[in-house]
file final35.txt (compact mmCIF, C-alpha atoms)
# COMPACT_ATOMS: atom_id res chain seq x y z
CA MET F 115 -81.67 -135.37 -100.79
CA THR F 116 -82.32 -137.20 -104.07
CA GLY F 117 -80.27 -138.37 -107.02
CA PRO F 118 -76.69 -139.60 -106.97
CA GLN F 119 -75.88 -137.91 -103.68
CA THR F 120 -78.47 -139.93 -101.81
CA GLY F 121 -76.96 -141.46 -98.73
CA ARG F 122 -73.70 -139.58 -98.97
CA LEU F 123 -72.29 -137.06 -96.56
CA SER F 124 -68.97 -135.24 -96.85
CA PHE F 125 -67.26 -132.54 -94.88
CA LYS F 126 -63.93 -130.95 -93.99
CA LEU F 127 -62.74 -130.69 -90.42
CA ALA F 128 -59.87 -129.19 -88.47
CA SER F 129 -56.99 -131.39 -87.35
CA THR F 130 -58.21 -131.88 -83.80
CA MET F 131 -59.44 -134.66 -81.55
CA ASP F 132 -62.86 -132.98 -81.56
CA SER F 133 -62.95 -133.69 -85.28
CA VAL F 134 -62.16 -137.34 -84.60
CA ALA F 135 -65.13 -137.48 -82.25
CA GLU F 136 -67.29 -135.86 -84.93
CA VAL F 137 -66.23 -138.42 -87.54
CA GLU F 138 -66.86 -141.23 -85.07
CA ALA F 139 -70.38 -139.93 -84.39
CA ALA F 140 -71.10 -139.71 -88.13
CA ALA F 141 -69.88 -143.29 -88.59
CA GLU F 142 -72.14 -144.46 -85.75
CA LYS F 143 -75.07 -142.82 -87.49
CA LEU F 144 -74.10 -144.45 -90.79
CA THR F 145 -73.88 -147.97 -89.36
CA HIS F 146 -77.07 -147.53 -87.38
CA SER F 147 -79.03 -146.31 -90.39
CA ALA F 148 -77.69 -149.27 -92.39
CA GLY F 149 -79.19 -151.64 -89.84
CA MET F 150 -75.89 -153.17 -88.78
CA ASP F 151 -75.84 -155.19 -85.62
CA GLU F 152 -73.92 -153.80 -82.67
CA ASP F 153 -70.79 -155.91 -83.13
CA GLU F 154 -70.39 -155.19 -86.84
CA GLY F 155 -71.21 -151.56 -86.29
CA PHE F 156 -68.59 -151.31 -83.56
CA ARG F 157 -65.94 -152.71 -85.90
CA VAL F 158 -66.77 -150.25 -88.66
CA VAL F 159 -66.94 -147.28 -86.32
CA MET F 160 -63.66 -148.25 -84.71
CA ALA F 161 -61.96 -148.55 -88.10
CA VAL F 162 -63.28 -145.14 -89.16
CA ARG F 163 -62.09 -143.63 -85.90
CA GLU F 164 -58.63 -145.12 -86.38
CA ALA F 165 -58.51 -143.64 -89.89
CA ALA F 166 -59.51 -140.24 -88.54
CA VAL F 167 -56.88 -140.42 -85.78
CA ASN F 168 -54.26 -141.33 -88.37
CA ALA F 169 -55.27 -138.37 -90.53
CA VAL F 170 -55.32 -135.85 -87.69
CA LEU F 171 -52.30 -137.11 -85.76
CA HIS F 172 -49.93 -138.84 -88.16
CA GLY F 173 -51.02 -137.17 -91.41
CA ASN F 174 -51.62 -133.58 -90.43
CA GLY F 175 -49.76 -133.59 -87.10
CA TYR F 176 -52.51 -131.47 -85.48
CA ASP F 177 -51.51 -128.66 -87.86
CA PRO F 178 -54.22 -125.96 -87.62
CA ASN F 179 -53.53 -125.02 -91.24
CA LYS F 180 -54.39 -128.51 -92.48
CA GLN F 181 -57.78 -130.17 -92.63
CA ILE F 182 -59.12 -133.66 -92.98
CA THR F 183 -61.72 -134.45 -95.61
CA VAL F 184 -64.25 -137.14 -94.81
CA SER F 185 -67.07 -138.73 -96.76
CA LEU F 186 -69.50 -141.42 -95.67
CA GLU F 187 -71.79 -143.20 -98.07
CA ASN F 188 -74.35 -145.97 -98.01
CA ASN F 189 -74.76 -146.98 -101.67
CA GLY F 190 -77.15 -149.81 -100.89
CA LYS F 191 -74.55 -152.54 -101.24
CA SER F 192 -71.74 -151.20 -99.13
CA LEU F 193 -70.72 -148.55 -96.70
CA VAL F 194 -67.91 -146.52 -98.25
CA ILE F 195 -65.96 -144.12 -96.08
CA THR F 196 -63.05 -141.97 -97.21
CA VAL F 197 -60.72 -140.08 -94.91
CA ALA F 198 -58.05 -137.84 -96.41
CA ASP F 199 -55.31 -135.77 -94.82
CA GLU F 200 -52.91 -133.16 -96.15
CA GLY F 201 -49.76 -134.71 -94.73
CA GLU F 202 -46.58 -136.03 -96.30
CA GLY F 203 -48.08 -139.32 -97.37
CA LEU F 204 -48.20 -142.85 -96.04
CA ASP F 205 -46.68 -145.90 -97.68
CA PRO F 206 -48.81 -148.85 -96.52
CA GLU F 207 -46.09 -151.27 -97.60
CA LYS F 208 -43.76 -149.86 -94.96
CA ILE F 209 -46.09 -150.42 -92.03
CA PRO F 210 -44.66 -153.17 -89.80
CA ASP F 211 -46.80 -156.23 -89.11
CA PRO F 212 -48.05 -155.77 -85.53
CA LEU F 213 -48.60 -159.54 -85.22
CA ALA F 214 -44.94 -160.35 -85.84
CA PRO F 215 -43.34 -161.63 -82.64
CA GLU F 216 -40.84 -158.76 -82.59
CA ASN F 217 -43.69 -156.22 -82.82
CA LEU F 218 -46.31 -157.82 -80.60
CA LEU F 219 -45.26 -155.86 -77.51
CA ARG F 220 -44.83 -152.53 -79.26
CA GLY F 221 -46.93 -149.71 -77.87
CA THR F 222 -47.94 -148.40 -81.30
CA GLY F 223 -48.56 -149.53 -84.86
CA ARG F 224 -51.94 -151.29 -84.69
CA GLY F 225 -54.23 -148.66 -86.24
CA ILE F 226 -53.96 -149.61 -89.92
CA PHE F 227 -53.98 -153.29 -88.99
CA LEU F 228 -57.29 -152.87 -87.14
CA ILE F 229 -58.77 -150.99 -90.10
CA ARG F 230 -57.76 -153.80 -92.45
CA SER F 231 -59.03 -156.45 -90.05
CA PHE F 232 -62.44 -154.91 -89.52
CA LEU F 233 -63.35 -153.91 -93.08
CA ASP F 234 -63.78 -155.75 -96.36
CA GLU F 235 -61.67 -153.42 -98.48
CA VAL F 236 -59.10 -150.74 -97.65
CA HIS F 237 -57.51 -148.64 -100.38
CA PHE F 238 -54.74 -146.09 -100.11
CA ARG F 239 -54.36 -143.21 -102.54
CA GLN F 240 -51.55 -140.66 -102.52
CA LEU F 241 -52.84 -137.12 -103.01
CA HIS F 242 -49.58 -135.11 -103.13
CA PRO F 243 -49.82 -133.87 -100.51
CA GLY F 244 -51.71 -136.23 -98.31
CA THR F 245 -53.15 -139.68 -98.19
CA GLU F 246 -56.72 -140.80 -98.77
CA LEU F 247 -57.99 -144.00 -97.21
CA THR F 248 -61.10 -145.58 -98.65
CA LEU F 249 -62.80 -148.03 -96.33
CA VAL F 250 -65.46 -150.39 -97.63
CA LYS F 251 -67.81 -152.61 -95.63
CA HIS F 252 -70.15 -154.77 -97.66
CA LEU F 253 -73.67 -154.89 -96.34
CA THR F 254 -75.22 -158.26 -95.64
CA PRO F 255 -78.73 -158.85 -97.03
CA ALA F 256 -80.22 -158.40 -93.58
CA GLY F 257 -78.30 -155.20 -93.07
CA SER F 258 -79.23 -153.76 -96.45
CA ASN F 259 -82.95 -153.52 -95.78
CA ASP F 260 -82.64 -149.88 -94.90
CA ALA F 261 -80.00 -149.22 -97.52
CA SER F 262 -79.79 -145.96 -99.38
CA GLN F 263 -81.76 -144.03 -96.87
CA ASP F 264 -80.65 -140.44 -96.54
CA LEU F 265 -78.12 -139.53 -93.95
CA ASP F 266 -78.77 -136.48 -91.89
CA THR F 267 -76.65 -133.66 -93.15
CA LYS F 268 -74.78 -131.53 -90.71
CA MET Z 68 -67.42 -140.95 -71.73
CA ALA Z 69 -63.91 -140.46 -70.43
CA LEU Z 70 -62.13 -143.07 -68.37
CA SER Z 71 -62.64 -143.20 -64.62
CA ILE Z 72 -60.34 -145.24 -62.43
CA SER Z 73 -60.90 -146.32 -58.85
CA THR Z 74 -58.35 -148.27 -56.86
CA ARG Z 75 -58.78 -150.89 -54.15
CA GLN Z 76 -56.61 -153.43 -52.37
CA LEU Z 77 -57.50 -157.05 -51.84
CA ASP Z 78 -55.19 -159.79 -50.53
CA GLY Z 79 -52.05 -158.00 -51.64
CA VAL Z 80 -53.40 -157.20 -55.09
CA THR Z 81 -54.08 -153.67 -56.31
CA ILE Z 82 -57.26 -153.68 -58.35
CA LEU Z 83 -57.98 -150.83 -60.73
CA ASP Z 84 -61.65 -150.68 -61.64
CA LEU Z 85 -61.78 -148.94 -64.99
CA SER Z 86 -64.93 -147.48 -66.48
CA GLY Z 87 -65.43 -145.72 -69.80
CA ARG Z 88 -63.17 -145.50 -72.84
CA ILE Z 89 -59.44 -146.16 -73.16
CA THR Z 90 -58.63 -144.10 -76.22
CA LEU Z 91 -56.24 -141.49 -77.48
CA GLY Z 92 -57.00 -138.21 -75.77
CA GLU Z 93 -59.39 -139.73 -73.28
CA GLY Z 94 -58.27 -142.65 -71.16
CA SER Z 95 -54.81 -143.57 -72.38
CA VAL Z 96 -52.89 -140.98 -70.41
CA GLN Z 97 -54.92 -141.60 -67.25
CA LEU Z 98 -54.19 -145.30 -67.42
CA ARG Z 99 -50.49 -144.71 -68.06
CA ASP Z 100 -50.21 -142.35 -65.10
CA ALA Z 101 -52.09 -144.73 -62.80
CA ILE Z 102 -49.86 -147.68 -63.71
CA ARG Z 103 -46.66 -145.68 -63.39
CA ASP Z 104 -47.77 -144.39 -60.00
CA LEU Z 105 -48.39 -147.93 -58.73
CA ILE Z 106 -45.12 -149.26 -60.11
CA SER Z 107 -43.18 -146.38 -58.59
CA LYS Z 108 -44.72 -147.23 -55.21
CA GLY Z 109 -43.44 -150.76 -55.54
CA GLU Z 110 -46.76 -152.47 -56.25
CA LYS Z 111 -46.10 -155.88 -57.77
CA HIS Z 112 -49.57 -157.31 -58.28
CA ILE Z 113 -51.87 -155.19 -60.42
CA LEU Z 114 -55.24 -156.30 -61.74
CA LEU Z 115 -57.06 -154.18 -64.31
CA SER Z 116 -60.79 -154.76 -64.07
CA LEU Z 117 -62.22 -153.88 -67.48
CA GLY Z 118 -65.84 -154.92 -67.07
CA ASP Z 119 -67.07 -151.37 -67.57
CA VAL Z 120 -64.70 -150.46 -70.39
CA ASN Z 121 -66.95 -150.20 -73.42
CA TYR Z 122 -64.39 -149.03 -75.96
CA ILE Z 123 -60.67 -149.29 -76.58
CA ASP Z 124 -58.72 -148.07 -79.60
CA SER Z 125 -55.21 -148.77 -80.87
CA SER Z 126 -53.81 -146.15 -78.51
CA GLY Z 127 -55.56 -147.81 -75.58
CA LEU Z 128 -54.20 -151.18 -76.66
CA GLY Z 129 -50.76 -149.61 -76.70
CA GLU Z 130 -51.24 -148.43 -73.14
CA LEU Z 131 -52.24 -151.91 -72.00
CA VAL Z 132 -49.11 -153.32 -73.64
CA SER Z 133 -46.95 -150.58 -72.11
CA ALA Z 134 -48.45 -151.33 -68.70
CA PHE Z 135 -47.62 -154.99 -69.18
CA THR Z 136 -44.01 -154.39 -70.26
CA THR Z 137 -43.38 -151.65 -67.69
CA ALA Z 138 -44.56 -153.98 -64.96
CA LYS Z 139 -42.48 -156.90 -66.25
CA ASN Z 140 -39.38 -154.71 -66.27
CA GLN Z 141 -39.97 -154.04 -62.56
CA ASN Z 142 -40.70 -157.67 -61.73
CA ALA Z 143 -44.37 -156.83 -61.35
CA ASP Z 144 -47.43 -158.30 -63.04
CA VAL Z 145 -50.38 -156.65 -64.74
CA LYS Z 146 -53.32 -158.96 -65.39
CA LEU Z 147 -56.76 -158.35 -66.88
CA LEU Z 148 -60.20 -159.12 -65.47
CA ASN Z 149 -63.71 -159.17 -66.95
CA LEU Z 150 -63.22 -158.17 -70.57
CA THR Z 151 -66.26 -156.86 -72.39
CA LYS Z 152 -67.06 -158.48 -75.71
CA LYS Z 153 -65.72 -155.50 -77.64
CA VAL Z 154 -62.42 -155.34 -75.79
CA LYS Z 155 -62.01 -159.11 -76.08
CA ASP Z 156 -62.67 -158.86 -79.82
CA VAL Z 157 -59.94 -156.27 -80.29
CA LEU Z 158 -57.45 -158.17 -78.12
CA GLN Z 159 -58.08 -161.34 -80.09
CA VAL Z 160 -57.67 -159.70 -83.49
CA THR Z 161 -54.36 -158.15 -82.42
CA LYS Z 162 -53.17 -161.39 -80.78
CA LEU Z 163 -52.74 -159.56 -77.49
CA TYR Z 164 -55.15 -162.05 -75.97
CA THR Z 165 -52.19 -164.44 -75.95
CA VAL Z 166 -49.93 -161.94 -74.18
CA PHE Z 167 -51.99 -161.14 -71.10
CA ASP Z 168 -53.21 -163.29 -68.27
CA ILE Z 169 -56.97 -162.80 -68.49
CA TYR Z 170 -59.61 -163.85 -65.98
CA ASP Z 171 -63.39 -163.82 -65.72
CA ASP Z 172 -63.49 -164.33 -61.97
CA GLU Z 173 -61.97 -161.87 -59.50
CA ALA Z 174 -61.16 -164.42 -56.79
CA HIS Z 175 -59.43 -166.64 -59.31
CA ALA Z 176 -57.49 -163.68 -60.67
CA ILE Z 177 -56.33 -162.67 -57.18
CA SER Z 178 -55.21 -166.16 -56.26
CA SER Z 179 -53.20 -166.35 -59.50
CA PHE Z 180 -50.74 -163.78 -58.15
CA LYS Z 181 -49.71 -166.03 -55.23
call {"tool": "encode", "arguments": {"input": "final35.txt", "output": "structure tokens"}}
result
Amino acid sequence: MTGPQTGRLSFKLASTMDSVAEVEAAAEKLTHSAGMDEDEGFRVVMAVREAAVNAVLHGNGYDPNKQITVSLENNGKSLVITVADEGEGLDPEKIPDPLAPENLLRGTGRGIFLIRSFLDEVHFRQLHPGTELTLVKHLTPAGSNDASQDLDTK
Amino acid sequence: MALSISTRQLDGVTILDLSGRITLGEGSVQLRDAIRDLISKGEKHILLSLGDVNYIDSSGLGELVSAFTTAKNQNADVKLLNLTKKVKDVLQVTKLYTVFDIYDDEAHAISSFK
């Protein structure tokens, strides 16, 4: 691949846990090709997986008629990952703080928090229908040595 | 790699040796069922050995919390042993590190139940 698409991969997947595994594998490949160390790579991959789970489970509700749309990009300065669903939409302002004492022992509600904790930027966009999350992880100088190399396409 | 669970008894403590991933669709349900089974049998001292757990997600964290609260409600204790760096990282970020009793040494963990 050459030109503006260099280092970018996008695809649509069914609303299944197999798709989550596929997105996770693509994120692992992205972080590895960017030269991230294991700990940083783990955090990015985990955040991407959480976003994919949210899209498949909470966004699309495993609906076989709905898909998730994923893109992963290494632009040389950052890793930029988008995950979009076709659900009813998510208002990030209404997500309870999982660190609040009254929420600390809840069994759910930590996914978005982990995404925000592990990445440098997280943006929400309403698609009507659906929600798109954009996840950004800035590359450190050491990690950007291999930047902009092509990702394997599926 | 899915979650595998093996159970052993030592000095009145039930130790679950977990290996693999505790995630939605993989290990979460297995862990929930194992804990509920022990609680229903009246086990009061449960130690989750996580030294071979290489991945946990928000669903897996939820199962650990549910195990903790379910046990407390039955006057039982669930404690954690041998966290990997990744699991420790996630527990710290979510402040759950402050909720659980966590040990690096099995003998010390077992004696803590007495």
call {"tool": "closest_residue", "arguments": {"input": "final35.txt", "among": "Z:Asp171, Z:Glu93, Z:Asp144, Z:Asp100", "to": "Z:Ile123", "atoms": "only C-alpha atoms"}}
result
Z:Glu93
call {"tool": "interface_residues", "arguments": {"input": "final35.txt", "of": "chain F", "to": "chain Z", "cutoff": "6 Å", "atoms": "all atoms listed in the file", "output": "list in words"}}
result
Gly221, Thr222, Arg224 and Gly225 of chain F
call {"tool": "write_last_selection", "arguments": {"input": "final35.txt", "atoms": "C-alpha atoms", "output": "tab-separated table (two decimals), in the frame of the given file"}}
result
chain	number	residue	atom	x	y	z
F	221	GLY	CA	-46.93	-149.71	-77.87
F	222	THR	CA	-47.94	-148.40	-81.30
F	224	ARG	CA	-51.94	-151.29	-84.69
F	225	GLY	CA	-54.23	-148.66	-86.24
call {"tool": "residues_around", "arguments": {"input": "final35.txt", "residues": "F:Lys180", "least_positions_apart": "4", "cutoff": "10 Å", "atoms": "all atoms listed in the file", "output": "list in words"}}
result
Lys126, Leu127, Ala128, Ser129, Val170, Gly173, Asn174, Gly175, Tyr176, Asp199, Glu200 and Gly201 of chain F
call {"tool": "atom_distance", "arguments": {"input": "final35.txt", "atom1": "atom CA of F:Glu152", "atom2": "atom CA of F:Arg230"}}
result
18.9 Å
call {"tool": "residues_around", "arguments": {"input": "final35.txt", "residues": "Z:Phe167", "least_positions_apart": "6", "cutoff": "8 Å", "atoms": "all atoms listed in the file", "output": "list in words"}}
result
Phe135, Val145, Lys146 and Leu147 of chain Z
call {"tool": "atom_distance", "arguments": {"input": "final35.txt", "atom1": "atom CA of Z:Leu150", "atom2": "atom CA of Z:Leu83"}}
result
13.3 Å
call {"tool": "atom_distance", "arguments": {"input": "final35.txt", "atom1": "atom CA of Z:Ala101", "atom2": "atom CA of F:Ile226"}}
result
27.6 Å
call {"tool": "axis_aligned_box", "arguments": {"input": "final35.txt", "around": "stretch 139-155 of chain Z", "padding_each_side": "5 Å", "output": "JSON"}}
result
{"center_x": -53.2, "center_y": -156.6, "center_z": -69.5, "size_x": 37.7, "size_y": 15.1, "size_z": 26.3}
call {"tool": "decode", "arguments": {"input": "final35.txt", "residues": "stretch 76-110 of chain Z", "atoms": "C-alpha atoms", "output": "compact mmCIF listing (two decimals), in the first residue's frame"}}
result
# COMPACT_ATOMS: atom_id res chain seq x y z
CA GLN Z 76 -7.61 -27.81 49.67
CA LEU Z 77 -4.93 -26.71 52.08
CA ASP Z 78 -5.36 -26.07 55.81
CA GLY Z 79 -9.06 -25.34 55.50
CA VAL Z 80 -8.63 -23.04 52.52
CA THR Z 81 -10.00 -23.82 49.06
CA ILE Z 82 -7.47 -22.70 46.48
CA LEU Z 83 -8.55 -22.17 42.90
CA ASP Z 84 -5.58 -22.20 40.54
CA LEU Z 85 -6.68 -20.18 37.54
CA SER Z 86 -4.89 -20.24 34.21
CA GLY Z 87 -5.67 -18.33 31.03
CA ARG Z 88 -7.98 -15.38 30.43
CA ILE Z 89 -10.84 -14.05 32.55
CA THR Z 90 -12.87 -12.26 29.91
CA LEU Z 91 -16.37 -11.94 28.58
CA GLY Z 92 -17.27 -15.12 26.76
CA GLU Z 93 -14.22 -17.00 27.94
CA GLY Z 94 -13.47 -17.20 31.64
CA SER Z 95 -16.05 -15.02 33.35
CA VAL Z 96 -18.84 -17.57 33.45
CA GLN Z 97 -16.51 -20.38 34.51
CA LEU Z 98 -15.23 -18.32 37.41
CA ARG Z 99 -18.74 -17.31 38.46
CA ASP Z 100 -19.94 -20.92 38.43
CA ALA Z 101 -16.90 -22.13 40.37
CA ILE Z 102 -17.35 -19.50 43.09
CA ARG Z 103 -21.08 -20.08 43.39
CA ASP Z 104 -20.50 -23.82 43.66
CA LEU Z 105 -18.02 -23.34 46.52
CA ILE Z 106 -20.24 -20.87 48.35
CA SER Z 107 -23.25 -23.16 48.03
CA LYS Z 108 -21.20 -25.96 49.60
CA GLY Z 109 -20.48 -23.74 52.57
CA GLU Z 110 -16.84 -22.97 51.80
